[in-house]
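S.K.: So that you have it, the file is final_1.cif, and it contains mmCIF, C-alpha atoms and all ligand atoms:
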```cif
data_target
loop_
_atom_site.label_atom_id
_atom_site.label_comp_id
_atom_site.auth_asym_id
_atom_site.auth_seq_id
_atom_site.Cartn_x
_atom_site.Cartn_y
_atom_site.Cartn_z
CA MET Z 10 25.12 105.44 75.80
CA ASN Z 11 26.85 107.58 78.41
CA LEU Z 12 29.97 105.53 79.15
CA GLU Z 13 31.05 107.09 82.46
CA LEU Z 14 27.56 106.83 83.89
CA SER Z 15 27.27 103.23 82.69
CA ILE Z 16 30.54 102.28 84.40
CA LEU Z 17 29.44 104.02 87.58
CA LEU Z 18 26.09 102.18 87.54
CA THR Z 19 27.85 98.87 86.90
CA LEU Z 20 30.12 99.42 89.91
CA PHE Z 21 27.05 100.37 91.93
CA ALA Z 22 25.39 97.10 90.85
CA LEU Z 23 28.41 95.07 91.96
CA SER Z 24 28.50 96.78 95.36
CA VAL Z 25 24.79 96.12 95.83
CA GLY Z 26 25.33 92.48 94.83
CA SER Z 27 28.10 92.22 97.40
CA PHE Z 28 25.92 93.86 100.08
CA VAL Z 29 23.09 91.44 99.23
CA ASN Z 30 25.51 88.60 100.03
CA THR Z 31 26.20 90.08 103.45
CA PHE Z 32 22.49 90.68 104.01
CA ILE Z 33 21.51 87.12 103.06
CA TYR Z 34 24.26 85.61 105.23
CA ARG Z 35 23.64 87.80 108.30
CA PHE Z 36 19.86 88.22 108.21
CA PRO Z 37 18.96 84.94 109.99
CA LEU Z 38 21.81 85.39 112.51
CA ILE Z 39 21.16 88.96 113.63
CA ASP Z 40 18.30 88.10 116.01
CA SER Z 41 20.28 85.51 117.91
CA ASN Z 42 23.70 87.19 117.84
CA GLN Z 43 23.95 90.49 119.70
CA ASN Z 44 27.42 91.29 118.34
CA LEU Z 45 26.32 91.11 114.73
CA ASP Z 46 24.47 93.63 112.60
CA LEU Z 47 24.50 94.40 108.88
CA PHE Z 48 27.63 96.55 109.08
CA LYS Z 49 29.51 95.29 112.15
CA PRO Z 50 31.81 93.47 112.40
CA ARG Z 51 33.47 93.93 109.00
CA SER Z 52 33.22 91.07 106.48
CA PHE Z 53 34.65 87.75 107.62
CA CYS Z 54 34.93 84.18 106.37
CA PRO Z 55 31.76 82.31 107.45
CA LYS Z 56 33.85 79.20 108.20
CA CYS Z 57 36.97 80.37 110.07
CA LYS Z 58 35.68 83.90 110.98
CA SER Z 59 38.96 85.50 109.81
CA ARG Z 60 38.53 89.17 108.93
CA LEU Z 61 38.71 89.63 105.14
CA LYS Z 62 41.43 91.85 103.66
CA PRO Z 63 40.24 94.79 101.52
CA PHE Z 64 41.11 93.13 98.17
CA MET Z 65 39.01 90.11 99.17
CA LEU Z 66 35.96 92.36 99.14
CA ILE Z 67 36.22 93.10 95.41
CA PRO Z 68 33.19 91.36 93.91
CA ILE Z 69 33.70 88.40 91.53
CA ILE Z 70 37.40 89.16 90.88
CA SER Z 71 38.44 88.18 94.41
CA TYR Z 72 36.59 84.88 94.05
CA ILE Z 73 38.44 84.10 90.81
CA TYR Z 74 41.77 85.26 92.27
CA LEU Z 75 41.32 83.11 95.39
CA LYS Z 76 40.19 80.20 93.18
CA GLY Z 77 37.01 79.90 95.23
CA THR Z 78 38.70 79.12 98.56
CA CYS Z 79 39.27 81.15 101.71
CA SER Z 80 42.96 82.15 101.84
CA PHE Z 81 43.04 81.62 105.63
CA CYS Z 82 41.34 78.26 106.19
CA LYS Z 83 41.33 76.99 102.56
CA GLU Z 84 37.66 76.08 102.88
CA LYS Z 85 35.58 76.41 99.71
CA ILE Z 86 33.68 79.69 99.35
CA GLU Z 87 30.04 78.97 98.50
CA ILE Z 88 29.37 79.50 94.80
CA SER Z 89 26.26 81.52 95.76
CA TYR Z 90 28.50 84.50 96.69
CA PRO Z 91 29.95 85.19 93.23
CA LEU Z 92 26.69 83.99 91.66
CA ASN Z 93 24.65 86.69 93.44
CA GLU Z 94 27.19 89.28 92.27
CA VAL Z 95 27.16 88.04 88.67
CA ILE Z 96 23.35 88.08 88.64
CA HIS Z 97 23.36 91.69 89.88
CA LEU Z 98 25.98 92.64 87.30
CA LEU Z 99 24.11 91.03 84.39
CA THR Z 100 20.83 92.57 85.53
CA MET Z 101 22.36 96.05 85.53
CA ILE Z 102 23.82 95.48 82.06
CA ALA Z 103 20.39 94.35 80.81
CA ILE Z 104 18.80 97.42 82.42
CA LEU Z 105 21.37 99.76 80.83
CA PHE Z 106 20.36 98.46 77.42
CA SER Z 107 16.60 98.52 77.98
CA VAL Z 108 15.69 101.39 80.33
CA PRO Z 109 16.48 105.11 79.86
CA ILE Z 110 19.85 105.48 81.61
CA GLY Z 111 19.96 107.49 84.85
CA ILE Z 112 17.62 107.46 87.83
CA ASN Z 113 15.36 104.93 86.05
CA SER Z 114 18.21 102.43 85.92
CA ILE Z 115 18.65 102.75 89.68
CA ILE Z 116 14.92 102.47 90.48
CA VAL Z 117 14.40 99.32 88.42
CA PHE Z 118 17.67 97.82 89.66
CA VAL Z 119 16.98 98.44 93.36
CA LEU Z 120 13.46 97.01 93.09
CA PHE Z 121 14.94 93.95 91.39
CA SER Z 122 17.59 93.59 94.06
CA ILE Z 123 15.04 93.75 96.92
CA LEU Z 124 12.81 91.14 95.26
CA TYR Z 125 15.85 88.97 94.53
CA THR Z 126 17.02 89.15 98.16
CA GLN Z 127 13.56 88.14 99.43
CA MET Z 128 13.46 85.32 96.89
CA VAL Z 129 16.74 83.86 98.16
CA LEU Z 130 15.99 84.47 101.88
CA ASP Z 131 12.70 82.61 101.68
CA TYR Z 132 14.24 79.80 99.66
CA LYS Z 133 17.21 79.32 102.00
CA TYR Z 134 15.63 79.98 105.40
CA PHE Z 135 11.84 80.35 104.94
CA LEU Z 136 12.28 83.94 106.13
CA LEU Z 137 11.37 87.28 104.62
CA SER Z 138 12.70 90.66 105.73
CA ILE Z 139 9.88 92.89 106.99
CA SER Z 140 12.01 96.00 106.35
CA LEU Z 141 12.49 95.05 102.69
CA ASN Z 142 8.76 94.31 102.34
CA VAL Z 143 7.87 97.71 103.80
CA LEU Z 144 10.42 99.32 101.47
CA LEU Z 145 8.69 97.69 98.48
CA ILE Z 146 5.26 98.90 99.63
CA VAL Z 147 6.46 102.47 100.22
CA ALA Z 148 8.47 102.56 96.97
CA GLY Z 149 5.42 101.39 95.00
CA LEU Z 150 3.12 103.99 96.55
CA VAL Z 151 5.61 106.85 96.12
CA LEU Z 152 6.62 105.99 92.54
CA ASN Z 153 3.03 105.57 91.43
CA TYR Z 154 1.72 108.57 93.37
CA GLY Z 155 4.33 110.97 92.09
CA PHE Z 156 5.00 109.65 88.61
CA ASN Z 157 2.43 106.95 87.70
CA TYR Z 158 5.63 104.93 87.32
CA PHE Z 159 4.15 101.48 86.82
CA THR Z 160 0.44 102.15 87.28
CA SER Z 161 -1.98 104.78 88.65
CA PHE Z 162 -1.92 105.64 92.34
CA GLU Z 163 -5.47 104.31 92.83
CA GLU Z 164 -4.51 100.92 91.41
CA SER Z 165 -1.33 100.93 93.47
CA LEU Z 166 -3.25 101.62 96.69
CA LEU Z 167 -5.90 98.99 95.87
CA GLY Z 168 -3.15 96.55 94.88
CA MET Z 169 -1.52 96.97 98.27
CA ILE Z 170 -4.77 96.54 100.24
CA ILE Z 171 -6.18 93.64 98.19
CA GLY Z 172 -2.72 92.03 98.01
CA TYR Z 173 -2.43 91.92 101.77
CA GLY Z 174 -6.12 91.15 102.36
CA SER Z 175 -6.43 88.32 99.86
CA LEU Z 176 -3.56 86.25 101.28
CA TRP Z 177 -4.71 87.06 104.81
CA LEU Z 178 -8.18 85.77 103.92
CA ILE Z 179 -6.85 82.60 102.26
CA ASN Z 180 -4.75 81.97 105.36
CA ALA Z 181 -7.73 82.61 107.69
CA VAL Z 182 -9.87 80.07 105.80
CA PHE Z 183 -6.98 77.59 105.83
CA HIS Z 184 -6.50 78.15 109.55
CA TRP Z 185 -10.21 77.64 110.19
CA LEU Z 186 -10.21 74.37 108.22
CA LYS Z 187 -6.85 72.94 109.25
CA LYS Z 188 -6.17 74.67 112.58
CA GLU Z 189 -2.68 75.68 111.49
CA GLN Z 190 -1.09 78.65 109.73
CA GLY Z 191 -0.76 78.02 105.99
CA ILE Z 192 0.92 81.22 104.83
CA GLY Z 193 3.51 83.29 106.70
CA GLY Z 194 2.79 86.94 107.57
CA GLY Z 195 5.84 87.98 105.52
CA ASP Z 196 4.06 86.66 102.41
CA PHE Z 197 1.06 88.99 103.01
CA LEU Z 198 3.39 91.98 103.10
CA LEU Z 199 5.42 90.84 100.09
CA PHE Z 200 2.24 90.39 98.06
CA ALA Z 201 1.05 93.82 99.24
CA GLY Z 202 4.39 95.17 97.95
CA CYS Z 203 3.81 93.53 94.54
CA GLY Z 204 0.35 95.12 94.40
CA SER Z 205 1.67 98.49 95.47
CA ILE Z 206 4.32 98.48 92.72
CA PHE Z 207 2.47 96.92 89.79
CA GLY Z 208 -1.15 97.65 90.76
CA LEU Z 209 -4.32 95.73 91.44
CA PHE Z 210 -4.42 93.89 88.11
CA SER Z 211 -0.97 92.40 88.55
CA LEU Z 212 -2.09 90.42 91.61
CA GLY Z 213 -3.84 87.60 89.70
CA PRO Z 214 -0.94 86.83 87.33
CA ILE Z 215 1.67 87.20 90.10
CA LEU Z 216 -0.19 84.89 92.48
CA LEU Z 217 -0.76 82.32 89.73
CA MET Z 218 2.86 82.35 88.53
CA GLY Z 219 4.21 82.62 92.09
CA SER Z 220 2.24 79.76 93.60
CA SER Z 221 3.04 77.55 90.58
CA ALA Z 222 6.77 78.30 90.92
CA SER Z 223 6.64 77.65 94.68
CA LEU Z 224 4.84 74.35 94.24
CA LEU Z 225 7.41 73.32 91.65
CA LEU Z 226 10.26 74.16 94.06
CA PHE Z 227 8.46 72.27 96.81
CA ALA Z 228 8.09 69.20 94.61
CA LEU Z 229 11.77 69.34 93.61
CA ASN Z 230 13.01 69.74 97.22
CA LYS Z 231 10.42 67.70 99.05
CA ARG Z 232 12.81 65.93 101.35
CA LYS Z 233 14.75 69.05 102.25
CA SER Z 234 11.88 71.43 103.00
CA GLY Z 235 9.55 69.09 104.91
CA ARG Z 236 6.00 70.36 104.53
CA LYS Z 237 6.89 74.00 104.00
CA ILE Z 238 6.36 75.72 100.68
CA PRO Z 239 8.50 78.82 99.97
CA LEU Z 240 5.62 81.03 98.72
CA GLY Z 241 7.69 84.21 99.11
CA THR Z 242 10.31 82.85 96.71
CA GLY Z 243 7.63 82.21 94.11
CA LEU Z 244 5.95 85.60 94.62
CA ALA Z 245 9.24 87.51 94.29
CA PHE Z 246 10.20 85.50 91.21
CA ALA Z 247 6.75 86.10 89.70
CA ALA Z 248 6.98 89.85 90.38
CA ILE Z 249 10.30 90.02 88.49
CA THR Z 250 8.80 87.95 85.64
CA TYR Z 251 5.71 90.19 85.62
CA TYR Z 252 7.95 93.23 85.14
CA LEU Z 253 9.69 91.54 82.19
CA ILE Z 254 6.33 90.71 80.61
CA LEU Z 255 5.19 94.30 81.12
CA ARG Z 256 8.41 95.77 79.76
CA PHE Z 257 9.05 93.56 76.77
CA SER Z 258 5.63 92.01 76.24
CA ILE Z 259 7.43 88.71 75.96
CA PHE Z 260 5.22 85.62 76.00
CA LEU Z 261 2.42 87.74 74.54
ZN ZN G 301 38.12 80.85 106.18
#
```
Have the structure of the file written as structure tokens, please.
M.R.:
Amino acid sequence: MNLELSILLTLFALSVGSFVNTFIYRFPLIDSNQNLDLFKPRSFCPKCKSRLKPFMLIPIISYIYLKGTCSFCKEKIEISYPLNEVIHLLTMIAILFSVPIGINSIIVFVLFSILYTQMVLDYKYFLLSISLNVLLIVAGLVLNYGFNYFTSFEESLLGMIIGYGSLWLINAVFHWLKKEQGIGGGDFLLFAGCGSIFGLFSLGPILLMGSSASLLLFALNKRKSGRKIPLGTGLAFAAITYYLILRFSIFL
């Protein structure tokens, strides 16, 4: 294994993990707060709003060094911050050992990171980022058009169309019967993204695994989530699982 490249990719993974933290924290606030975007202002403590010093931005290590508390207000730092970084780190290490090192490592890692971010966003806030969904759709079409990366271009295109259309149709029937929206529009796009990346034939398994996972989450958190089911969380989780099945033929 190329050591320098592996170290570089690992550092890249940690930076992405750290950016994902910022994205997840700021995403629901950006609409309502005009002074906030993804890059401005620089990172701050969510509790006391103190600007973080450069060393506090070092993923994982800063959390351990600060013993999990903000050095300004001494409030506990949510465990999800280092956890997201550790998950990104471990994923990159797993990728380095299982995918040809180089551009492939970055492609698989970035797709994972986008799906992971959507999974957490929908779980925490019942929100999905449209930009990330569009990125998934475009990435799937480009990778499969140029390189048949996961599937053929035809299957990718059909996967996108049927992915969007099928959830739209289910929602339309639900709306007609119940007179309320059952599935959020972000879910249509996320499912279209899954179809665009893994192709038409991935849609059945992803929807089955995804809706089962979402229902399980719903049952476990019934009091917290009211009547809402985080379908996006399940779909993103199922897409990651589908990739693992495809790659390692585990469970088969
Ligand atoms: Zn603080």
S.K.: Give me, as a ChimeraX atom specification, all polymer residues having an atom no more than 9 Å from Met128 of chain Z, counting all atoms listed in the file and skipping those fewer than 6 positions away in the same chain.
M.R.: /Z:137,239,241-246
S.K.: Within 10 Å of (26.9, 89.4, 98.4) (file coordinates; all atoms listed in the file), which protein or nucleic acid residues are there? I'd like them as a list in words.
M.R.: Leu23, Ser24, Val25, Gly26, Ser27, Phe28, Val29, Asn30, Thr31, Phe32, Ile33, Tyr34, Leu66, Pro68, Ile69, Ser89, Tyr90, Pro91, Leu92, Asn93, Glu94, Val95, His97 and Thr126 of chain Z
S.K.: May I have the selected residues written with C-alpha atoms, as a PDB file, in the coordinates of the input?
M.R.:
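Below you can see part.pdb, which holds the result:
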```
ATOM      1  CA  LEU Z  23      28.410  95.070  91.960  1.00  0.00           C
ATOM      2  CA  SER Z  24      28.500  96.780  95.360  1.00  0.00           C
ATOM      3  CA  VAL Z  25      24.790  96.120  95.830  1.00  0.00           C
ATOM      4  CA  GLY Z  26      25.330  92.480  94.830  1.00  0.00           C
ATOM      5  CA  SER Z  27      28.100  92.220  97.400  1.00  0.00           C
ATOM      6  CA  PHE Z  28      25.920  93.860 100.080  1.00  0.00           C
ATOM      7  CA  VAL Z  29      23.090  91.440  99.230  1.00  0.00           C
ATOM      8  CA  ASN Z  30      25.510  88.600 100.030  1.00  0.00           C
ATOM      9  CA  THR Z  31      26.200  90.080 103.450  1.00  0.00           C
ATOM     10  CA  PHE Z  32      22.490  90.680 104.010  1.00  0.00           C
ATOM     11  CA  ILE Z  33      21.510  87.120 103.060  1.00  0.00           C
ATOM     12  CA  TYR Z  34      24.260  85.610 105.230  1.00  0.00           C
ATOM     13  CA  LEU Z  66      35.960  92.360  99.140  1.00  0.00           C
ATOM     14  CA  PRO Z  68      33.190  91.360  93.910  1.00  0.00           C
ATOM     15  CA  ILE Z  69      33.700  88.400  91.530  1.00  0.00           C
ATOM     16  CA  SER Z  89      26.260  81.520  95.760  1.00  0.00           C
ATOM     17  CA  TYR Z  90      28.500  84.500  96.690  1.00  0.00           C
ATOM     18  CA  PRO Z  91      29.950  85.190  93.230  1.00  0.00           C
ATOM     19  CA  LEU Z  92      26.690  83.990  91.660  1.00  0.00           C
ATOM     20  CA  ASN Z  93      24.650  86.690  93.440  1.00  0.00           C
ATOM     21  CA  GLU Z  94      27.190  89.280  92.270  1.00  0.00           C
ATOM     22  CA  VAL Z  95      27.160  88.040  88.670  1.00  0.00           C
ATOM     23  CA  HIS Z  97      23.360  91.690  89.880  1.00  0.00           C
ATOM     24  CA  THR Z 126      17.020  89.150  98.160  1.00  0.00           C
TER      25      THR Z 126
END
```
S.K.: Please identify every polymer residue within 10 Å of ligand ZN 301 (chain G), using all atoms listed in the file, and present the set as a list in words.
M.R.: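 If we count all atoms listed in the file, the neighbours of ligand ZN 301 (chain G) turn out to be Phe53, Cys54, Pro55, Lys56, Cys57, Lys58, Ser59, Arg60, Leu61, Thr78, Cys79, Ser80, Phe81, Cys82, Lys83, Glu84, Lys85 and Ile86 of chain Z.
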S.K.: Find the distance between atom CA of Leu255 of chain Z and atom CA of Ser138 of chain Z and write it in Å to one decimal.
M.R.: 26.0 Å
S.K.: Could you pull the residues within 10 Å of segment 174-185 of chain Z, counting only C-alpha atoms, minus those fewer than 3 positions along the same chain, as JSON, numbers by chain?
M.R.: {"Z": [168, 169, 170, 171, 188, 189, 190, 191, 192, 193, 194, 196, 197, 198, 200, 201, 212, 216]}
S.K.: Take the point (27.0, 88.4, 109.0) in the file's coordinates, draw a sphere of radius 7 Å around it, and report as a list of chain:residue names every protein, DNA or RNA residue with an atom inside or on it, counting all atoms listed in the file.
M.R.: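 Every residue inside that radius is included here: Z:Thr31, Z:Tyr34, Z:Arg35, Z:Leu38, Z:Leu45, Z:Asp46, Z:Leu47.
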S.K.: Excluding Leu253 of chain Z and any residue of its chain fewer than 2 positions from it, enumerate the residues within 12 Å of it, using all atoms listed in the file, and give them as a PyMOL selection string.
M.R.: chain Z and resi 100+103-104+107-108+117+121+207+246-251+255-261
S.K.: What does the structure give for the distance between atom CA of Met10 of chain Z and atom CA of Pro109 of chain Z, in Å to one decimal?
M.R.: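 Atom-to-atom, atom CA of Met10 of chain Z to atom CA of Pro109 of chain Z, that is 9.6 Å.
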S.K.: What is the distance between atom CA of Ile238 of chain Z and atom CA of Glu164 of chain Z, in Å to one decimal?
M.R.: 29.0 Å
S.K.: Have a look at Z:Leu167, Z:Ile73, Z:Leu12, Z:Ala22 and name the one nearest to Leu209 of chain Z; count only C-alpha atoms.
M.R.: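 For Leu209 of chain Z, the nearest of the candidates is Z:Leu167.
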S.K.: Which of these, Z:Ser211, Z:Ser223, Z:Arg232, Z:Ser15, has the shortest distance to Leu105 of chain Z once you count only C-alpha atoms?
M.R.: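 The closest residue to Leu105 of chain Z is Z:Ser15.
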S.K.: Leaving out Ser165 of chain Z and any residue of its chain fewer than 2 positions from it, which residues lie within 12 Å of it when counting all atoms listed in the file, given as number ranges by chain?
M.R.: Z: 145-163, 167-172, 201-212
S.K.: Enclose the full set of atoms of segment 160-166 of chain Z listed in the file within a box whose edges lie along x, y and z, apply 5 Å of padding to each of the six sides, and report centre and edge lengths in Å to one decimal as JSON.
M.R.:
```
{"center_x": -2.5, "center_y": 103.3, "center_z": 92.0, "size_x": 15.9, "size_y": 14.7, "size_z": 19.4}
```
